[in-house]
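J.: TSV, C-alpha atoms and all ligand atoms, file input26.tsv:
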```
chain	number	residue	atom	x	y	z
V	1	MET	CA	123.70	88.14	130.10
V	2	LYS	CA	123.30	91.43	128.27
V	3	THR	CA	124.04	94.65	130.16
V	4	PHE	CA	121.37	97.26	130.63
V	5	ALA	CA	123.06	99.50	128.05
V	6	GLU	CA	123.09	96.66	125.51
V	7	LEU	CA	119.43	95.93	126.09
V	8	LEU	CA	118.59	99.62	125.73
V	9	TRP	CA	120.58	99.83	122.51
V	10	GLN	CA	118.78	96.75	121.18
V	11	GLU	CA	115.42	98.35	122.03
V	12	ILE	CA	116.31	101.62	120.28
V	13	ASN	CA	117.46	99.71	117.22
V	14	ARG	CA	114.28	97.71	117.17
V	15	GLU	CA	112.20	100.87	117.16
V	16	ASN	CA	114.27	102.50	114.42
V	17	MET	CA	114.09	99.39	112.35
V	18	ILE	CA	110.42	99.73	111.45
V	19	GLY	CA	109.22	102.85	109.65
V	20	LYS	CA	107.83	104.48	106.56
V	21	ASP	CA	111.03	106.19	105.45
V	22	LEU	CA	111.64	105.49	101.77
V	23	GLN	CA	115.09	107.09	101.78
V	24	THR	CA	116.26	104.79	104.58
V	25	ALA	CA	114.91	101.78	102.69
V	26	ARG	CA	116.57	102.99	99.52
V	27	GLN	CA	119.96	103.51	101.18
V	28	PHE	CA	120.03	100.03	102.64
V	29	LEU	CA	119.01	98.44	99.34
V	30	ASP	CA	121.55	100.53	97.39
V	31	GLN	CA	124.33	99.19	99.60
V	32	GLY	CA	123.26	95.57	99.13
V	33	ASP	CA	121.37	95.12	102.40
V	34	LEU	CA	117.92	93.58	102.84
V	35	VAL	CA	114.70	95.47	103.56
V	36	ALA	CA	111.23	94.04	104.22
V	37	ILE	CA	108.64	95.62	101.96
V	38	PRO	CA	104.85	95.77	102.15
V	39	THR	CA	102.79	94.51	99.23
V	40	GLU	CA	99.06	94.02	98.86
V	41	THR	CA	99.52	90.23	99.25
V	42	VAL	CA	102.11	89.64	101.99
V	43	TYR	CA	105.33	91.33	103.12
V	44	GLY	CA	108.43	90.53	101.07
V	45	LEU	CA	112.08	90.21	102.10
V	46	ALA	CA	113.72	92.32	99.41
V	47	GLY	CA	117.20	92.78	97.98
V	48	ASN	CA	118.76	94.01	94.75
V	49	ALA	CA	117.81	91.37	92.17
V	50	LEU	CA	120.86	92.22	90.05
V	51	ASP	CA	123.32	91.68	92.93
V	52	PRO	CA	124.08	87.97	93.53
V	53	LYS	CA	125.43	88.74	97.01
V	54	ALA	CA	122.24	90.48	98.12
V	55	VAL	CA	120.20	87.63	96.66
V	56	SER	CA	122.25	84.96	98.43
V	57	GLU	CA	121.71	86.89	101.67
V	58	ILE	CA	117.93	86.54	101.14
V	59	PHE	CA	118.28	82.76	100.94
V	60	ARG	CA	120.47	82.75	104.05
V	61	VAL	CA	118.23	84.97	106.19
V	62	LYS	CA	115.10	83.04	105.26
V	63	ASN	CA	116.84	79.71	105.60
V	64	ARG	CA	115.46	78.93	102.16
V	65	PRO	CA	116.83	76.06	100.07
V	66	SER	CA	118.79	77.37	97.09
V	67	PHE	CA	116.63	75.36	94.64
V	68	ASP	CA	113.57	77.51	95.42
V	69	PRO	CA	113.61	80.59	93.14
V	70	LEU	CA	112.59	84.16	93.98
V	71	ILE	CA	110.04	86.52	92.43
V	72	VAL	CA	111.44	89.70	90.85
V	73	HIS	CA	109.45	92.86	91.59
V	74	THR	CA	109.29	95.98	89.46
V	75	SER	CA	106.95	98.97	89.37
V	76	GLN	CA	106.31	99.52	85.68
V	77	LEU	CA	104.98	97.34	82.87
V	78	SER	CA	107.55	98.97	80.60
V	79	ARG	CA	110.40	97.66	82.76
V	80	ILE	CA	109.38	94.00	82.39
V	81	SER	CA	110.99	93.84	78.95
V	82	ASP	CA	114.40	94.47	80.61
V	83	LEU	CA	113.95	91.32	82.69
V	84	VAL	CA	112.58	88.80	80.19
V	85	LEU	CA	113.40	87.66	76.66
V	86	GLU	CA	109.84	87.71	75.40
V	87	ILE	CA	106.28	88.30	76.55
V	88	PRO	CA	103.76	85.94	74.92
V	89	ALA	CA	100.50	87.55	73.80
V	90	GLN	CA	98.44	85.96	76.59
V	91	ALA	CA	100.95	87.10	79.21
V	92	GLU	CA	100.71	90.61	77.86
V	93	LEU	CA	96.93	90.48	78.07
V	94	LEU	CA	97.13	89.38	81.69
V	95	ALA	CA	99.75	92.01	82.50
V	96	ASN	CA	97.60	94.74	81.00
V	97	HIS	CA	94.57	93.60	82.97
V	98	PHE	CA	96.03	92.68	86.33
V	99	MET	CA	99.36	94.43	86.87
V	100	PRO	CA	99.92	96.02	89.30
V	101	GLY	CA	98.12	93.37	91.34
V	102	PRO	CA	98.35	89.92	92.94
V	103	LEU	CA	99.58	88.17	89.80
V	104	THR	CA	103.04	86.73	89.07
V	105	LEU	CA	104.01	85.81	85.51
V	106	LEU	CA	106.64	83.17	84.74
V	107	LEU	CA	108.49	84.29	81.61
V	108	PRO	CA	111.75	83.45	79.78
V	109	LYS	CA	114.56	84.99	81.85
V	110	HIS	CA	116.83	87.71	80.53
V	111	PRO	CA	120.54	86.81	80.95
V	112	ARG	CA	121.04	90.13	82.77
V	113	LEU	CA	119.41	88.55	85.87
V	114	PRO	CA	121.80	86.43	87.95
V	115	ASP	CA	121.06	82.69	87.87
V	116	ILE	CA	120.79	82.54	91.66
V	117	VAL	CA	117.49	84.49	91.48
V	118	THR	CA	115.79	81.78	89.46
V	119	ALA	CA	117.72	78.87	91.02
V	120	GLY	CA	119.18	78.15	87.61
V	121	SER	CA	115.84	78.03	85.80
V	122	ASP	CA	115.50	79.74	82.44
V	123	ARG	CA	112.18	81.22	83.54
V	124	VAL	CA	111.82	84.16	85.89
V	125	ALA	CA	108.80	85.07	88.02
V	126	ILE	CA	107.81	88.74	87.60
V	127	ARG	CA	105.38	90.76	89.65
V	128	ILE	CA	104.27	94.38	90.06
V	129	PRO	CA	103.01	94.74	93.63
V	130	LYS	CA	100.07	97.07	94.14
V	131	HIS	CA	101.16	98.98	97.21
V	132	PRO	CA	101.78	102.74	97.05
V	133	LEU	CA	104.83	102.76	99.32
V	134	THR	CA	106.59	99.89	97.59
V	135	MET	CA	105.77	101.19	94.12
V	136	GLU	CA	107.32	104.51	95.10
V	137	LEU	CA	110.37	102.72	96.47
V	138	LEU	CA	110.77	100.70	93.25
V	139	ASP	CA	110.57	103.94	91.25
V	140	LEU	CA	113.42	105.38	93.32
V	141	LEU	CA	115.70	102.38	92.71
V	142	ASP	CA	117.86	101.65	89.67
V	143	PHE	CA	117.26	97.92	90.00
V	144	PRO	CA	114.37	95.47	90.50
V	145	LEU	CA	113.86	93.72	93.84
V	146	ALA	CA	114.05	89.99	94.41
V	147	ALA	CA	111.67	89.17	97.25
V	148	PRO	CA	110.20	86.02	98.72
V	149	SER	CA	107.62	86.29	101.47
V	150	ALA	CA	109.36	87.65	104.59
V	151	ASN	CA	108.96	84.57	106.79
V	152	PRO	CA	111.37	81.82	107.80
V	153	PHE	CA	111.11	79.07	105.15
V	154	GLY	CA	108.01	76.90	105.58
V	155	TYR	CA	106.31	79.17	108.12
V	156	ILE	CA	103.21	81.38	107.71
V	157	SER	CA	103.65	84.47	105.49
V	158	PRO	CA	103.61	87.88	107.25
V	159	THR	CA	100.76	90.29	106.62
V	160	SER	CA	101.97	93.12	108.90
V	161	ALA	CA	105.29	94.81	109.68
V	162	GLN	CA	105.09	93.42	113.21
V	163	HIS	CA	104.85	89.85	111.89
V	164	VAL	CA	108.13	90.42	110.05
V	165	ALA	CA	109.78	92.02	113.08
V	166	ASP	CA	108.71	89.11	115.30
V	167	GLN	CA	110.49	86.54	113.16
V	168	LEU	CA	113.23	88.18	111.14
V	169	GLY	CA	113.62	91.54	112.90
V	170	GLU	CA	117.15	90.93	114.06
V	171	ARG	CA	118.34	89.66	110.72
V	172	ILE	CA	117.32	92.52	108.40
V	173	SER	CA	118.25	96.19	108.18
V	174	TYR	CA	114.85	97.84	107.88
V	175	ILE	CA	111.14	97.05	107.69
V	176	LEU	CA	109.14	99.43	105.55
V	177	ASP	CA	105.77	99.64	107.31
V	178	GLY	CA	102.88	99.78	104.87
V	179	GLY	CA	100.18	98.64	107.29
V	180	ASP	CA	98.17	95.43	107.04
V	181	CYS	CA	98.19	93.67	103.67
V	182	GLN	CA	94.93	94.25	101.84
V	183	VAL	CA	94.77	90.92	99.96
V	184	GLY	CA	96.48	88.83	102.63
V	185	ILE	CA	97.39	85.80	100.54
V	186	GLU	CA	100.30	85.45	98.08
V	187	SER	CA	100.06	86.22	94.37
V	188	THR	CA	98.67	83.79	91.81
V	189	ILE	CA	101.54	82.37	89.73
V	190	ILE	CA	100.91	81.61	86.07
V	191	GLY	CA	103.24	80.43	83.31
V	192	PHE	CA	102.96	79.02	79.81
V	193	GLU	CA	103.81	75.54	78.60
V	194	SER	CA	103.76	74.94	74.84
V	195	GLY	CA	101.80	78.16	74.60
V	196	SER	CA	99.10	77.13	77.09
V	197	PRO	CA	98.56	78.89	80.42
V	198	VAL	CA	99.30	76.90	83.60
V	199	VAL	CA	98.55	78.07	87.13
V	200	TYR	CA	101.35	76.95	89.47
V	201	ARG	CA	100.07	78.61	92.62
V	202	LYS	CA	96.53	79.69	93.45
V	203	GLY	CA	96.59	83.12	95.04
V	204	GLY	CA	95.16	86.57	95.44
V	205	LEU	CA	93.94	86.84	91.85
V	206	SER	CA	91.10	84.37	91.32
V	207	ILE	CA	91.12	81.76	88.57
V	208	GLU	CA	87.71	83.06	87.50
V	209	ASP	CA	89.17	86.54	86.89
V	210	ILE	CA	92.06	85.09	84.90
V	211	GLU	CA	89.78	82.88	82.80
V	212	GLN	CA	87.61	85.85	81.88
V	213	VAL	CA	90.61	87.34	80.12
V	214	ILE	CA	92.45	84.37	78.54
V	215	GLY	CA	89.94	81.50	78.67
V	216	SER	CA	90.41	78.24	80.52
V	217	VAL	CA	93.66	77.54	82.33
V	218	ARG	CA	95.23	74.29	83.52
V	219	MET	CA	96.14	73.81	87.18
V	220	GLN	CA	99.40	72.19	88.07
V	221	PRO	CA	98.77	69.94	91.09
V	222	HIS	CA	100.62	71.09	94.20
V	223	SER	CA	101.41	67.74	95.71
V	224	THR	CA	105.07	67.25	94.90
V	225	SER	CA	108.14	68.19	96.86
V	226	ASN	CA	110.31	67.70	93.79
V	227	PRO	CA	112.93	70.43	93.63
V	228	ALA	CA	112.55	70.47	89.85
V	229	ALA	CA	109.04	71.80	90.36
V	230	PRO	CA	109.57	74.61	92.85
V	231	GLY	CA	106.69	76.53	94.31
V	232	MET	CA	104.79	73.35	94.90
V	233	LEU	CA	106.16	72.06	98.17
V	234	LYS	CA	103.25	70.41	99.89
V	235	SER	CA	103.91	71.15	103.54
V	236	HIS	CA	104.15	74.91	103.88
V	237	TYR	CA	102.54	77.87	105.63
V	238	ALA	CA	102.63	75.64	108.66
V	239	PRO	CA	101.99	76.66	112.26
V	240	ARG	CA	104.01	74.81	114.91
V	241	VAL	CA	100.89	73.21	116.33
V	242	PRO	CA	99.33	70.37	114.24
V	243	LEU	CA	96.42	71.60	112.12
V	244	LEU	CA	93.56	69.24	111.24
V	245	LEU	CA	91.00	69.90	108.53
V	246	GLY	CA	87.44	68.66	108.46
V	247	ASN	CA	83.90	69.25	109.65
V	248	LEU	CA	84.31	71.35	112.80
V	249	PRO	CA	81.49	69.87	114.92
V	250	ASP	CA	82.79	66.35	114.10
V	251	LEU	CA	86.38	67.31	114.91
V	252	LEU	CA	85.31	68.92	118.18
V	253	ARG	CA	83.55	65.69	119.18
V	254	GLN	CA	86.66	63.71	118.29
V	255	TYR	CA	88.99	65.71	120.56
V	256	PRO	CA	86.95	66.51	123.68
V	257	ASN	CA	89.99	66.60	125.99
V	258	LYS	CA	92.37	68.63	123.88
V	259	ARG	CA	93.05	72.32	124.10
V	260	VAL	CA	92.05	73.32	120.60
V	261	GLY	CA	92.09	76.43	118.46
V	262	LEU	CA	89.48	76.83	115.72
V	263	ILE	CA	89.59	78.41	112.29
V	264	SER	CA	86.09	78.68	110.87
V	265	PHE	CA	84.68	80.55	107.90
V	266	GLN	CA	81.60	82.25	109.39
V	267	GLU	CA	80.55	80.60	112.61
V	268	ALA	CA	81.73	80.90	116.19
V	269	TYR	CA	81.48	77.88	118.54
V	270	PRO	CA	80.23	78.71	122.05
V	271	ALA	CA	81.93	75.66	123.60
V	272	ILE	CA	85.40	77.06	122.81
V	273	PRO	CA	86.83	80.22	124.43
V	274	LYS	CA	86.61	83.19	122.08
V	275	GLY	CA	90.36	83.85	122.23
V	276	GLN	CA	90.99	80.40	120.77
V	277	GLN	CA	88.83	81.02	117.71
V	278	VAL	CA	89.40	82.72	114.41
V	279	VAL	CA	86.21	83.44	112.48
V	280	LEU	CA	87.50	84.44	109.07
V	281	SER	CA	84.43	86.32	107.85
V	282	PRO	CA	81.12	86.30	109.73
V	283	SER	CA	79.39	87.70	106.63
V	284	GLY	CA	80.89	85.04	104.34
V	285	ASP	CA	83.09	87.37	102.31
V	286	LEU	CA	86.02	85.44	100.81
V	287	ALA	CA	88.21	88.54	100.38
V	288	GLU	CA	87.78	89.38	104.05
V	289	ALA	CA	88.59	85.77	104.92
V	290	ALA	CA	91.81	85.90	102.85
V	291	ARG	CA	92.87	89.08	104.66
V	292	ALA	CA	92.30	87.44	108.04
V	293	LEU	CA	93.77	83.98	107.41
V	294	PHE	CA	97.52	84.29	108.10
V	295	ALA	CA	97.18	86.72	111.02
V	296	GLY	CA	94.61	84.33	112.54
V	297	MET	CA	96.90	81.31	112.10
V	298	ARG	CA	99.72	83.24	113.77
V	299	ARG	CA	97.56	84.32	116.67
V	300	LEU	CA	96.49	80.74	117.39
V	301	ASP	CA	100.05	79.52	117.00
V	302	GLN	CA	101.12	81.78	119.87
V	303	LEU	CA	98.73	80.12	122.31
V	304	GLU	CA	99.66	76.94	124.10
V	305	LEU	CA	97.34	74.69	122.12
V	306	ASP	CA	97.38	70.95	121.42
V	307	LEU	CA	95.70	71.24	118.04
V	308	ILE	CA	94.26	73.70	115.56
V	309	LEU	CA	91.02	72.53	113.91
V	310	ALA	CA	89.95	74.18	110.68
V	311	GLU	CA	87.31	73.85	107.98
V	312	LEU	CA	87.59	74.36	104.23
V	313	LEU	CA	85.82	77.29	102.57
V	314	PRO	CA	83.70	77.25	99.40
V	315	GLU	CA	85.93	76.20	96.52
V	316	SER	CA	85.42	79.30	94.38
V	317	GLY	CA	87.06	82.71	93.96
V	318	LEU	CA	89.64	83.36	96.68
V	319	GLY	CA	88.24	80.34	98.54
V	320	ARG	CA	90.41	78.14	96.32
V	321	ALA	CA	93.62	79.87	97.38
V	322	ILE	CA	92.55	79.90	101.04
V	323	ASN	CA	91.81	76.17	100.89
V	324	ASP	CA	95.17	75.54	99.25
V	325	ARG	CA	96.94	77.29	102.16
V	326	LEU	CA	94.87	75.45	104.77
V	327	LYS	CA	95.67	72.09	103.14
V	328	ARG	CA	99.37	72.88	103.07
V	329	ALA	CA	99.29	74.06	106.66
V	330	ALA	CA	97.73	70.68	107.50
V	331	ALA	CA	100.16	68.63	105.42
V	332	THR	CA	102.83	66.74	107.32
V	333	ASP	CA	105.09	65.64	104.46
F	401	LIG	O1	102.58	87.61	96.71
F	401	LIG	C1	103.70	87.15	96.51
F	401	LIG	O2	103.97	86.49	95.50
F	401	LIG	C2	104.79	87.43	97.57
F	401	LIG	C3	105.09	88.93	97.57
F	401	LIG	C4	106.21	89.26	98.52
F	401	LIG	O3	105.37	89.34	96.27
F	401	LIG	N1	105.95	86.65	97.31
F	401	LIG	C5	106.01	85.32	97.52
F	401	LIG	O4	107.26	84.80	97.31
F	401	LIG	O5	105.06	84.67	97.88
F	401	LIG	P1	107.66	83.32	97.77
F	401	LIG	O6	109.10	83.22	97.44
F	401	LIG	O7	107.28	83.11	99.17
F	401	LIG	O8	106.86	82.42	96.82
F	401	LIG	C6	107.15	82.45	95.44
F	401	LIG	C7	106.92	81.12	94.82
F	401	LIG	C8	107.86	80.09	95.35
F	401	LIG	O9	107.13	78.95	95.70
F	401	LIG	C9	108.80	79.79	94.20
F	401	LIG	O10	109.14	78.43	94.13
F	401	LIG	C10	107.97	80.21	92.99
F	401	LIG	O11	107.19	81.26	93.43
F	401	LIG	N2	108.85	80.72	91.94
F	401	LIG	C11	109.57	81.86	91.94
F	401	LIG	N3	110.33	81.97	90.83
F	401	LIG	C12	110.08	80.86	90.10
F	401	LIG	C13	110.57	80.37	88.86
F	401	LIG	N4	111.49	81.03	88.15
F	401	LIG	N5	110.08	79.19	88.42
F	401	LIG	C14	109.17	78.49	89.15
F	401	LIG	N6	108.68	78.89	90.34
F	401	LIG	C15	109.12	80.06	90.80
F	402	MG	MG	106.60	82.16	100.73
```
Write the structure described by the file as structure tokens, please.
Ligand code: TXA
Ligand code: MG

T.:
Amino acid sequence: MKTFAELLWQEINRENMIGKDLQTARQFLDQGDLVAIPTETVYGLAGNALDPKAVSEIFRVKNRPSFDPLIVHTSQLSRISDLVLEIPAQAELLANHFMPGPLTLLLPKHPRLPDIVTAGSDRVAIRIPKHPLTMELLDLLDFPLAAPSANPFGYISPTSAQHVADQLGERISYILDGGDCQVGIESTIIGFESGSPVVYRKGGLSIEDIEQVIGSVRMQPHSTSNPAAPGMLKSHYAPRVPLLLGNLPDLLRQYPNKRVGLISFQEAYPAIPKGQQVVLSPSGDLAEAARALFAGMRRLDQLELDLILAELLPESGLGRAINDRLKRAAATD
């Protein structure tokens, strides 16, 4: 049992741990500690990308397998050339159009970056997050930040400082509070194979937007759990409660005696208590739905439910990334 003084101390620490103080964040990062950072997509668990010890701490805190590489974050296009060996013309086009923004580019890694960041791969994932606080922080630092999403491995990504505190609060030095994430779904990851663009993860930048700039892109199917193809683990973003996908009225008929939570695109279902429903966007706006998805999944996961039932959204724009996350949340292998 903890004494009253210990509990009080814990409470004070918890309160001091979340804030908007860039100098505090900077000090912790300078000394090799981890800080959670806001981005427009999801919160990241950040450490000095040039310091193998800080990077290994990220893997430890997240309980992430060492074969799953980390994205390196910087604030300026001009700094990317310090991190990669070359930038193909199409990558440069994309960078000029969409960075800062919810896009991650896989490029040939500069030897200056420790191998642990890329899990030994000769390609590194680079991103410029579009969040004023984090961009300012990156400008203050002498090094880039390695940062995966700030959730325990396999769980739902955090879209608020409180989400991070709830799950990793005791294991990290500071959470930089930048409010709710405005995109709400992770970045789109794109690389190049034999000169052709390949999308490895659908995300906050739509395929349609990318194709307008560089023409048609190939999608790499997400179905493998092969460590040689990281970023494509099938079961991911998973709540603790089983999640089933399908036509909601049909699913509701199938499970009349279960305590269910619902995730629907636009419609509410009067037969189910309001608190057990997440309506992603009553007006049918896919960007609003993306912003609401992870927080909604978390909210339902905190209730004592037997099942979460969900429906797929239109397979266009951000709907594709949302559907990808729903399918992975439903996957059991
Ligand atoms: O929006 C985002 O991308 C967020 C924010 C914090 O920037 N980050 C994020 O990181 O989603 P994470 O680690 O949760 O997901 C990154 C994915 C992983 O699936 C990883 O396997 C893949 O990117 N990845 C990272 N570096 C890679 C590399 N060098 N080669 C192949 N895949 C890579
Ligand atoms: Mg993640």

J.: Just to confirm, what's the straight-line distance from atom CA of V:His163 to atom C6 of ligand LIG 401 (chain F) in Å (one decimal)?

T.: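 Between atom CA of V:His163 and atom C6 of ligand LIG 401 (chain F) the gap is 18.2 Å.
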
J.: Quick one: contact table of chain V to ligand LIG 401 (chain F), 8 Å max, nearest atom pair and distance in Å to one decimal per residue, counting only C-alpha atoms and all ligand atoms, chain and number order, as CSV?

T.:
```
residue,atom,partner,partner_atom,distance
V:Ile37,CA,F:LIG401,C4,7.6
V:Pro38,CA,F:LIG401,C4,7.6
V:Thr39,CA,F:LIG401,C3,6.3
V:Glu40,CA,F:LIG401,O1,7.6
V:Thr41,CA,F:LIG401,O1,4.8
V:Val42,CA,F:LIG401,C3,5.4
V:Tyr43,CA,F:LIG401,C4,5.1
V:Gly44,CA,F:LIG401,C4,3.6
V:Leu45,CA,F:LIG401,C4,6.9
V:Asp68,CA,F:LIG401,O10,4.7
V:Pro69,CA,F:LIG401,N3,4.2
V:Leu70,CA,F:LIG401,C11,4.3
V:Ile71,CA,F:LIG401,C11,4.7
V:Val72,CA,F:LIG401,N3,7.8
V:His73,CA,F:LIG401,O3,7.1
V:Pro102,CA,F:LIG401,O1,6.1
V:Leu103,CA,F:LIG401,O2,7.4
V:Thr104,CA,F:LIG401,O2,6.5
V:Leu106,CA,F:LIG401,N4,6.3
V:Leu107,CA,F:LIG401,N4,7.9
V:Val117,CA,F:LIG401,N3,7.6
V:Thr118,CA,F:LIG401,N4,4.6
V:Ala119,CA,F:LIG401,N4,7.2
V:Ser121,CA,F:LIG401,N4,5.8
V:Asp122,CA,F:LIG401,N4,7.1
V:Arg123,CA,F:LIG401,N4,4.7
V:Val124,CA,F:LIG401,N4,3.9
V:Ala125,CA,F:LIG401,N3,4.5
V:Ile126,CA,F:LIG401,N3,7.9
V:Arg127,CA,F:LIG401,O3,6.8
V:Pro129,CA,F:LIG401,O3,6.5
V:Ala147,CA,F:LIG401,C4,5.6
V:Pro148,CA,F:LIG401,O6,3.3
V:Ser149,CA,F:LIG401,O7,3.9
V:Ala150,CA,F:LIG401,C4,7.0
V:Asn151,CA,F:LIG401,O7,7.9
V:Ser157,CA,F:LIG401,O7,7.4
V:Ile185,CA,F:LIG401,O1,6.7
V:Glu186,CA,F:LIG401,O1,3.4
V:Ser187,CA,F:LIG401,O1,3.7
V:Thr188,CA,F:LIG401,O2,7.0
V:Ile189,CA,F:LIG401,O11,6.8
V:Tyr200,CA,F:LIG401,N6,7.6
V:Arg201,CA,F:LIG401,C7,7.6
V:Gly203,CA,F:LIG401,O1,7.7
V:Gly204,CA,F:LIG401,O1,7.6
V:Ala229,CA,F:LIG401,C14,6.8
V:Pro230,CA,F:LIG401,O10,4.1
V:Gly231,CA,F:LIG401,O9,2.8
V:Met232,CA,F:LIG401,O9,6.1
V:Leu233,CA,F:LIG401,O9,7.4
```

J.: Looking at V:Tyr237, V:Tyr255, V:Phe67, V:Tyr174, which one is nearest to V:Ala46, with distances taken over all atoms listed in the file?

T.: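 Under the stated criterion, the closest residue is V:Tyr174.
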
J.: Between V:Tyr269, V:Tyr155, V:Phe294, V:Phe98, which has the minimum distance to V:Pro249 (counting only C-alpha atoms)?

T.: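 Ranking V:Tyr269, V:Tyr155, V:Phe294, V:Phe98 by distance to V:Pro249, first place goes to V:Tyr269.
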
J.: What is the atom CA of V:Gln212-atom CA of V:Phe265 distance in Å, reported with one decimal?

T.: 26.7 Å

J.: One number please: atom CA of V:Leu138 to atom CA of V:Val35, in Å, one decimal.

T.: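 Atom-to-atom, atom CA of V:Leu138 and atom CA of V:Val35 are spaced 12.2 Å apart.
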
J.: Nearest to V:Ala89 among V:Leu243, V:Met219, V:Ala238, V:Pro197, with distances taken over only C-alpha atoms: which residue is it?

T.: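 For V:Ala89, the nearest of the candidates is V:Pro197.
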
J.: Which is closer to ligand MG 402 (chain F) than all the others in V:Val278, V:Glu311, V:Phe59, V:Arg112, using all atoms listed in the file?

T.: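 Using all atoms listed in the file, ligand MG 402 (chain F) sits closest to V:Phe59.
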
J.: Residues near V:Arg171, anyone? I mean within 10 Å using all atoms listed in the file, not counting same-chain ones fewer than 6 positions away, as a tab-separated table (two decimals) with C-alpha atoms, in the coordinates of the input.

T.:
```tsv
chain	number	residue	atom	x	y	z
V	34	LEU	CA	117.92	93.58	102.84
V	35	VAL	CA	114.70	95.47	103.56
V	60	ARG	CA	120.47	82.75	104.05
V	61	VAL	CA	118.23	84.97	106.19
V	62	LYS	CA	115.10	83.04	105.26
V	165	ALA	CA	109.78	92.02	113.08
```

J.: Which is closest to ligand MG 402 (chain F) among V:Gly317, V:Gly32, V:Pro65, V:Gly19, if we use only C-alpha atoms and all ligand atoms?

T.: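 With only C-alpha atoms and all ligand atoms as the atom set, the closest residue is V:Pro65.
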
J.: Would you mind telling me which residue in V:Arg325, V:His110, V:Arg79, V:Lys53 lies nearest to ligand MG 402 (chain F) when using only C-alpha atoms and all ligand atoms?

T.: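 Comparing V:Arg325, V:His110, V:Arg79, V:Lys53 against ligand MG 402 (chain F), the winner is V:Arg325.
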
J.: At a cut-off of 9 Å around the point (98.5, 74.9, 119.5) (file coordinates), what residues fall inside when counting only C-alpha atoms? I'd like the answer as a PyMOL selection string.

T.: chain V and resi 239-243+259-261+300-308

J.: Report as JSON the centre and the edge lengths, in Å to one decimal, of the axis-aligned box holding every listed atom of stretch 168-185 of chain V, padded by 8 Å on each side.

T.:
```
{"center_x": 106.6, "center_y": 92.8, "center_z": 107.0, "size_x": 39.6, "size_y": 30.0, "size_z": 30.1}
```

J.: For V:Ser283, list every protein, DNA or RNA residue within 10 Å, evaluated using all atoms listed in the file, and leave out those in the same chain fewer than 5 positions away; present the list as a list in words.

T.: Phe265, Gln266, Glu267, Glu288 and Ala289 of chain V

J.: May I have the residues within 10 Å of V:Ile214 as a count of residues only, using all atoms listed in the file and disregarding those fewer than 5 positions away in the same chain?

T.: 8

J.: If we count only C-alpha atoms and set the cut-off at 10 Å, which residues sit around V:Ser316, ignoring sequence neighbours fewer than 4 positions away in its own chain? Please answer as an MDAnalysis selection string.

T.: chainID V and resid 206:208 286 320:323

J.: Using all atoms listed in the file, list the residues that have an atom at most 12 Å from (105.0, 104.2, 97.7), coordinates as in the file, as a list in words.

T.: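 Collected hits near the coordinates: Lys20, Asp21, Leu22, Gln23, Ala25, Arg26, Ile37, Pro38, Thr39, Glu40, Ser75, Pro129, Lys130, His131, Pro132, Leu133, Thr134, Met135, Glu136, Leu137, Leu138, Asp139, Leu140, Leu141, Leu176, Asp177 and Gly178 of chain V.
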
J.: Since the input has fewer atoms than a full residue there, write stretch 241-248 of chain V out with N, CA, C and O atoms, as a tab-separated table (two decimals), in the coordinates of the input.

T.:
```
chain	number	residue	atom	x	y	z
V	241	VAL	N	101.87	74.13	115.78
V	241	VAL	CA	100.89	73.21	116.33
V	241	VAL	C	100.24	72.44	115.17
V	241	VAL	O	99.97	73.02	114.14
V	242	PRO	N	99.98	71.12	115.33
V	242	PRO	CA	99.33	70.37	114.24
V	242	PRO	C	97.97	70.99	113.88
V	242	PRO	O	97.22	71.41	114.75
V	243	LEU	N	97.70	71.04	112.59
V	243	LEU	CA	96.42	71.60	112.12
V	243	LEU	C	95.65	70.49	111.42
V	243	LEU	O	96.18	69.79	110.56
V	244	LEU	N	94.40	70.28	111.85
V	244	LEU	CA	93.56	69.24	111.24
V	244	LEU	C	92.41	69.89	110.51
V	244	LEU	O	91.78	70.83	111.02
V	245	LEU	N	92.08	69.35	109.34
V	245	LEU	CA	91.00	69.90	108.53
V	245	LEU	C	89.81	68.96	108.52
V	245	LEU	O	89.99	67.74	108.45
V	246	GLY	N	88.62	69.51	108.56
V	246	GLY	CA	87.44	68.66	108.46
V	246	GLY	C	86.19	69.43	108.85
V	246	GLY	O	86.18	70.65	108.88
V	247	ASN	N	85.15	68.66	109.18
V	247	ASN	CA	83.90	69.25	109.65
V	247	ASN	C	84.09	69.63	111.12
V	247	ASN	O	84.39	68.78	111.96
V	248	LEU	N	83.93	70.90	111.45
V	248	LEU	CA	84.31	71.35	112.80
V	248	LEU	C	83.53	70.67	113.93
V	248	LEU	O	84.15	70.21	114.90
```
